[in-house]
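Novice: So that we are looking at the same thing, I have put the structure below in structure tokens.
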Amino acid sequence: MKVYFGIDGTRGFPKWWFGDPYLISAAALWRKDHFRIPRWFPKGEFFLDSGGFSFFHKEGTYPFTPDQYISYINTVKPSLFATMDYPCEPNVNRSILKSNIERIEATVDYGVYLWKNRDKINSQPVVVIQGYSLREYEYCYSLYQKNGVSANYWAFGSMCRRWNDTEIRYYIRFFRRMVGKSVKIHIFGLKISSLNCEVIKLIDSIDTMAWAYGKFKREKRYTKDSFLAYRKKINSIIEKCSSPNYPLFQHKPI
């Protein structure tokens with residue numbers, strides 16, 4: 001399982017970055033009416049997220065079009081990019097699309113457009129599945145299937161605000177069964193406490209901003225030391241689970 005460490009990017013990038021895979025939100029790179037192009041990006045593989053949750057928290061919708069997003073992707077050339085989506089958490093801004101069904105259908109419209117234009121994009125798409133209940137995620141995936149999307153990398157949104165680790169693991173088992181064993185799965189904002197060996201074996205990647213959480217509480221923790229401590233903690237969990245003697249299934253499968 002690969003970990004993409006979130007980088008804020010609104011005030012520049014850490015000059016001490018060690019080359020680990022990282023994720024940047026498009027919201028951190030948007031300036032009023034255009035994307036900014038930084039003079040440099042940190043070394044290492046990076047994943048560009050569309051920034052839906054950040055945009056909707058303030059504005060309720062995206063300030064850019066899918067074609068503008070495609071143009072920016074081709075300019076900055078991330079290794080992966082997430083298709084544009086509408087988060088479905090209960091507390092998300094619903095000034096534009098109120099129901100989760102509307103938000104799911106809008107997510108699929110964006111996802112289908114970007115996936116069908118993938119030959120024009122110099123990065124790999126990660127198609128985002130949205131929802132909040134299991135039935136909603138299943139509905140979203142079924143809409144993609146009806147529209148002919150057969151992606152080999154899927155991402156699941158609206159997971160970072162869940163606090164029950166057992167529920168999160170249950171959902172992940174459901175996601176894997178739904179999309180099958182032959183494709184990759186990314187989980188946005190997965191809590192480290194929900195990681196166990198089963199989860200690590202079932203998914204291919206996650207992203208986390210937890211190493212810099214203190215930045216948002218105005219504490220001085222957006223530092224090299226905080227990153228190294230968090231990286232060591234999460235890598236130790238992954239390494240433990242890579243041992244052939246460590247049990248894989250710690251919970252009954254659904």
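Residue numbering restarts at 1 for every chain of the structure tokens, chains are lettered A, B, ... in their displayed order, and ligands are numbered from 1 as they appear.
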Need to verify the contact set: Ser193 of chain A, 12 Å, only C-alpha atoms, exclusion of same-chain residues closer than 3 positions in sequence. Can you return it as JSON, numbers by chain?

Specialist: {"A": [160, 162, 163, 164, 165, 166, 168, 169, 189, 190, 196, 197, 199, 208, 210, 233, 234, 237]}

Novice: Please, could you write that set of residues out with N, CA and C atoms as a PDB file, in the first residue's frame?

Specialist:
```
ATOM      1  N   CYS A 160     -13.188  10.633   5.091  1.00  0.00           N
ATOM      2  CA  CYS A 160     -12.282  11.188   6.101  1.00  0.00           C
ATOM      3  C   CYS A 160     -13.002  11.726   7.336  1.00  0.00           C
ATOM      4  N   ARG A 162     -15.433  10.160   8.950  1.00  0.00           N
ATOM      5  CA  ARG A 162     -16.009   9.053   9.728  1.00  0.00           C
ATOM      6  C   ARG A 162     -15.083   8.765  10.907  1.00  0.00           C
ATOM      7  N   TRP A 163     -15.665   8.533  12.053  1.00  0.00           N
ATOM      8  CA  TRP A 163     -14.851   8.372  13.264  1.00  0.00           C
ATOM      9  C   TRP A 163     -14.801   6.932  13.762  1.00  0.00           C
ATOM     10  N   ASN A 164     -15.682   6.072  13.253  1.00  0.00           N
ATOM     11  CA  ASN A 164     -15.758   4.698  13.739  1.00  0.00           C
ATOM     12  C   ASN A 164     -14.868   3.803  12.878  1.00  0.00           C
ATOM     13  N   ASP A 165     -13.786   3.297  13.456  1.00  0.00           N
ATOM     14  CA  ASP A 165     -12.839   2.499  12.693  1.00  0.00           C
ATOM     15  C   ASP A 165     -13.458   1.207  12.174  1.00  0.00           C
ATOM     16  N   THR A 166     -14.333   0.603  12.951  1.00  0.00           N
ATOM     17  CA  THR A 166     -14.987  -0.630  12.511  1.00  0.00           C
ATOM     18  C   THR A 166     -15.847  -0.380  11.282  1.00  0.00           C
ATOM     19  N   ILE A 168     -15.416   2.059   9.066  1.00  0.00           N
ATOM     20  CA  ILE A 168     -14.521   2.348   7.949  1.00  0.00           C
ATOM     21  C   ILE A 168     -14.006   1.052   7.339  1.00  0.00           C
ATOM     22  N   ARG A 169     -13.603   0.100   8.159  1.00  0.00           N
ATOM     23  CA  ARG A 169     -13.095  -1.175   7.660  1.00  0.00           C
ATOM     24  C   ARG A 169     -14.187  -1.962   6.947  1.00  0.00           C
ATOM     25  N   GLY A 189      -8.086  10.468   2.588  1.00  0.00           N
ATOM     26  CA  GLY A 189      -8.090  10.904   3.979  1.00  0.00           C
ATOM     27  C   GLY A 189      -8.341   9.809   4.992  1.00  0.00           C
ATOM     28  N   LEU A 190      -7.819   8.622   4.758  1.00  0.00           N
ATOM     29  CA  LEU A 190      -8.071   7.511   5.675  1.00  0.00           C
ATOM     30  C   LEU A 190      -7.378   7.735   7.011  1.00  0.00           C
ATOM     31  N   ASN A 196      -5.381  -1.592   9.532  1.00  0.00           N
ATOM     32  CA  ASN A 196      -4.923  -2.863  10.066  1.00  0.00           C
ATOM     33  C   ASN A 196      -4.438  -3.684   8.876  1.00  0.00           C
ATOM     34  N   CYS A 197      -3.998  -4.878   9.099  1.00  0.00           N
ATOM     35  CA  CYS A 197      -3.393  -5.645   8.014  1.00  0.00           C
ATOM     36  C   CYS A 197      -4.396  -5.988   6.924  1.00  0.00           C
ATOM     37  N   VAL A 199      -6.979  -4.121   5.944  1.00  0.00           N
ATOM     38  CA  VAL A 199      -7.178  -2.909   5.150  1.00  0.00           C
ATOM     39  C   VAL A 199      -5.984  -2.685   4.222  1.00  0.00           C
ATOM     40  N   THR A 208      -2.886  11.207   3.308  1.00  0.00           N
ATOM     41  CA  THR A 208      -3.079  11.706   4.670  1.00  0.00           C
ATOM     42  C   THR A 208      -2.392  13.049   4.857  1.00  0.00           C
ATOM     43  N   ALA A 210      -2.486  14.175   8.078  1.00  0.00           N
ATOM     44  CA  ALA A 210      -2.449  14.162   9.540  1.00  0.00           C
ATOM     45  C   ALA A 210      -1.105  14.611  10.099  1.00  0.00           C
ATOM     46  N   LYS A 233       5.716   6.334  11.993  1.00  0.00           N
ATOM     47  CA  LYS A 233       4.584   5.662  12.627  1.00  0.00           C
ATOM     48  C   LYS A 233       3.777   4.858  11.610  1.00  0.00           C
ATOM     49  N   ILE A 234       3.467   5.480  10.475  1.00  0.00           N
ATOM     50  CA  ILE A 234       2.628   4.794   9.494  1.00  0.00           C
ATOM     51  C   ILE A 234       3.404   3.692   8.782  1.00  0.00           C
ATOM     52  N   ILE A 237       3.471   0.425  10.754  1.00  0.00           N
ATOM     53  CA  ILE A 237       2.252  -0.374  10.637  1.00  0.00           C
ATOM     54  C   ILE A 237       2.292  -1.189   9.340  1.00  0.00           C
TER      55      ILE A 237
END
```

Novice: Might you pull out every residue within 12 Å of Ser242 of chain A, with only C-alpha atoms counted and same-chain residues fewer than 5 positions away left off, and present them as number ranges by chain?

Specialist: A: 1, 196-198, 200-201, 235-237, 247-248

Novice: Near segment 11-17 of chain A, within 10 Å and counting only C-alpha atoms, which residues show up once chain neighbours fewer than 5 positions away are dropped, as a PyMOL selection string?

Specialist: chain A and resi 22+28-29+38-44+222-224+227

Novice: Can you check which parts of segment 176-232 of chain A lie within 12 Å of segment 45-50 of chain A? Per residue, the shortest pair of atoms and distance in Å to one decimal, counting only C-alpha atoms, sorted by chain and number, as a Markdown table.

Specialist:
```
| residue | atom | partner | partner_atom | distance |
| --- | --- | --- | --- | --- |
| A:His186 | CA | A:Phe47 | CA | 11.1 |
| A:Phe188 | CA | A:Asp49 | CA | 9.5 |
| A:Gly189 | CA | A:Asp49 | CA | 11.5 |
| A:Ser205 | CA | A:Phe47 | CA | 10.8 |
| A:Ile206 | CA | A:Phe47 | CA | 10.6 |
| A:Asp207 | CA | A:Phe47 | CA | 9.1 |
| A:Thr208 | CA | A:Phe47 | CA | 11.9 |
```

Novice: Limited to C-alpha atoms, could you put the picked residues into a file as a tab-separated table (two decimals), in the first residue's frame?

Specialist:
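Just written: part_19.tsv:
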```
chain	number	residue	atom	x	y	z
A	186	HIS	CA	-7.46	4.66	-3.25
A	188	PHE	CA	-9.07	9.69	0.51
A	189	GLY	CA	-8.09	10.90	3.98
A	205	SER	CA	-3.10	3.71	-1.72
A	206	ILE	CA	-4.24	6.34	0.73
A	207	ASP	CA	-3.47	10.00	1.34
A	208	THR	CA	-3.08	11.71	4.67
```

Novice: Hey, can you check how far atom CA of Glu239 of chain A sits from atom CA of Gln124 of chain A?

Specialist: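 Computing it gives 27.2 Å between the two atoms.
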
Novice: Give the helix (DSSP H, G or I) residues of segment 142-232 of chain A, as DSSP finds them on the backbone, and put them as JSON, numbers by chain.

Specialist: {"A": [142, 143, 144, 145, 146, 165, 166, 167, 168, 169, 170, 171, 172, 173, 174, 175, 176, 177, 178, 179, 192, 193, 194, 197, 198, 199, 200, 201, 202, 210, 211, 212, 213, 214, 215, 216, 224, 225, 226, 227, 228, 229, 230, 231, 232]}

Novice: Just write the chosen residues, C-alpha atoms, as a tab-separated table (two decimals), in the first residue's frame.

Specialist:
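Listing of part10.tsv after writing:
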```tsv
chain	number	residue	atom	x	y	z
A	142	SER	CA	-23.41	1.41	-11.25
A	143	LEU	CA	-23.78	4.76	-13.07
A	144	TYR	CA	-20.14	4.59	-14.14
A	145	GLN	CA	-20.69	1.07	-15.45
A	146	LYS	CA	-23.76	2.18	-17.41
A	165	ASP	CA	-12.84	2.50	12.69
A	166	THR	CA	-14.99	-0.63	12.51
A	167	GLU	CA	-17.39	1.11	10.13
A	168	ILE	CA	-14.52	2.35	7.95
A	169	ARG	CA	-13.09	-1.18	7.66
A	170	TYR	CA	-16.53	-2.57	6.85
A	171	TYR	CA	-16.91	-0.03	4.04
A	172	ILE	CA	-13.48	-0.87	2.63
A	173	ARG	CA	-14.31	-4.58	2.49
A	174	PHE	CA	-17.52	-3.64	0.67
A	175	PHE	CA	-15.63	-1.42	-1.81
A	176	ARG	CA	-13.19	-4.19	-2.68
A	177	ARG	CA	-15.96	-6.70	-3.28
A	178	MET	CA	-17.87	-4.16	-5.39
A	179	VAL	CA	-15.06	-3.24	-7.82
A	192	ILE	CA	-4.37	5.93	10.59
A	193	SER	CA	-6.29	4.33	13.48
A	194	SER	CA	-8.42	2.42	10.97
A	197	CYS	CA	-3.39	-5.64	8.01
A	198	GLU	CA	-6.64	-6.50	6.30
A	199	VAL	CA	-7.18	-2.91	5.15
A	200	ILE	CA	-3.57	-2.63	3.96
A	201	LYS	CA	-4.00	-5.77	1.85
A	202	LEU	CA	-7.34	-4.66	0.41
A	210	ALA	CA	-2.45	14.16	9.54
A	211	TRP	CA	1.29	14.81	9.84
A	212	ALA	CA	0.56	18.54	9.39
A	213	TYR	CA	-2.70	18.69	11.34
A	214	GLY	CA	-1.17	21.13	13.81
A	215	LYS	CA	-0.84	23.69	11.02
A	216	PHE	CA	-4.59	24.04	10.93
A	224	LYS	CA	10.31	18.24	9.00
A	225	ASP	CA	10.30	16.65	12.45
A	226	SER	CA	6.53	16.22	12.52
A	227	PHE	CA	6.63	14.66	9.06
A	228	LEU	CA	9.42	12.23	9.95
A	229	ALA	CA	7.66	11.15	13.15
A	230	TYR	CA	4.38	10.54	11.35
A	231	ARG	CA	6.07	8.75	8.42
A	232	LYS	CA	7.86	6.44	10.85
```

Novice: Taking the chain letters and numbering used in this document, name the residues of segment 75-167 of chain A that DSSP puts in strand (DSSP E), as number ranges by chain.

Specialist: A: 80-82, 124-129, 153-156

Novice: Name the closest residue to Asp67 of chain A among the candidates A:Asn117, A:Ser99, A:Ser243, A:Asn93; distances are taken between atoms, counting only C-alpha atoms.

Specialist: A:Asn117

Novice: Taking 6 positions as the minimum chain separation for residues in the same chain, which residues sit within 9 Å of Met209 of chain A when counting only C-alpha atoms? Answer as a VMD selection string.

Specialist: chain A and resid 4 to 8 23 189

Novice: Rounded to one decimal place, report the atom CA of Leu195 of chain A-atom CA of Ile238 of chain A distance in Å.

Specialist: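 Atom CA of Leu195 of chain A sits 8.7 Å away from atom CA of Ile238 of chain A.
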
Novice: Between atom CA of Asn91 of chain A and atom CA of Tyr137 of chain A, what is the spacing in Å?

Specialist: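 The value is 17.7 Å.
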
Novice: Hey, what's within 9 Å of Lys120 of chain A if we count only C-alpha atoms and toss same-chain stuff fewer than 2 positions away? As a list in words, please?

Specialist: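 Close residues of Lys120 of chain A: Ile70, Asn74, Asn117, Arg118 and Asn122 of chain A.
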
Novice: When distances are computed from only C-alpha atoms, which of A:Phe156, A:Tyr72, A:Phe64, A:Tyr110 shows the smallest separation from Met84 of chain A?

Specialist: A:Tyr110
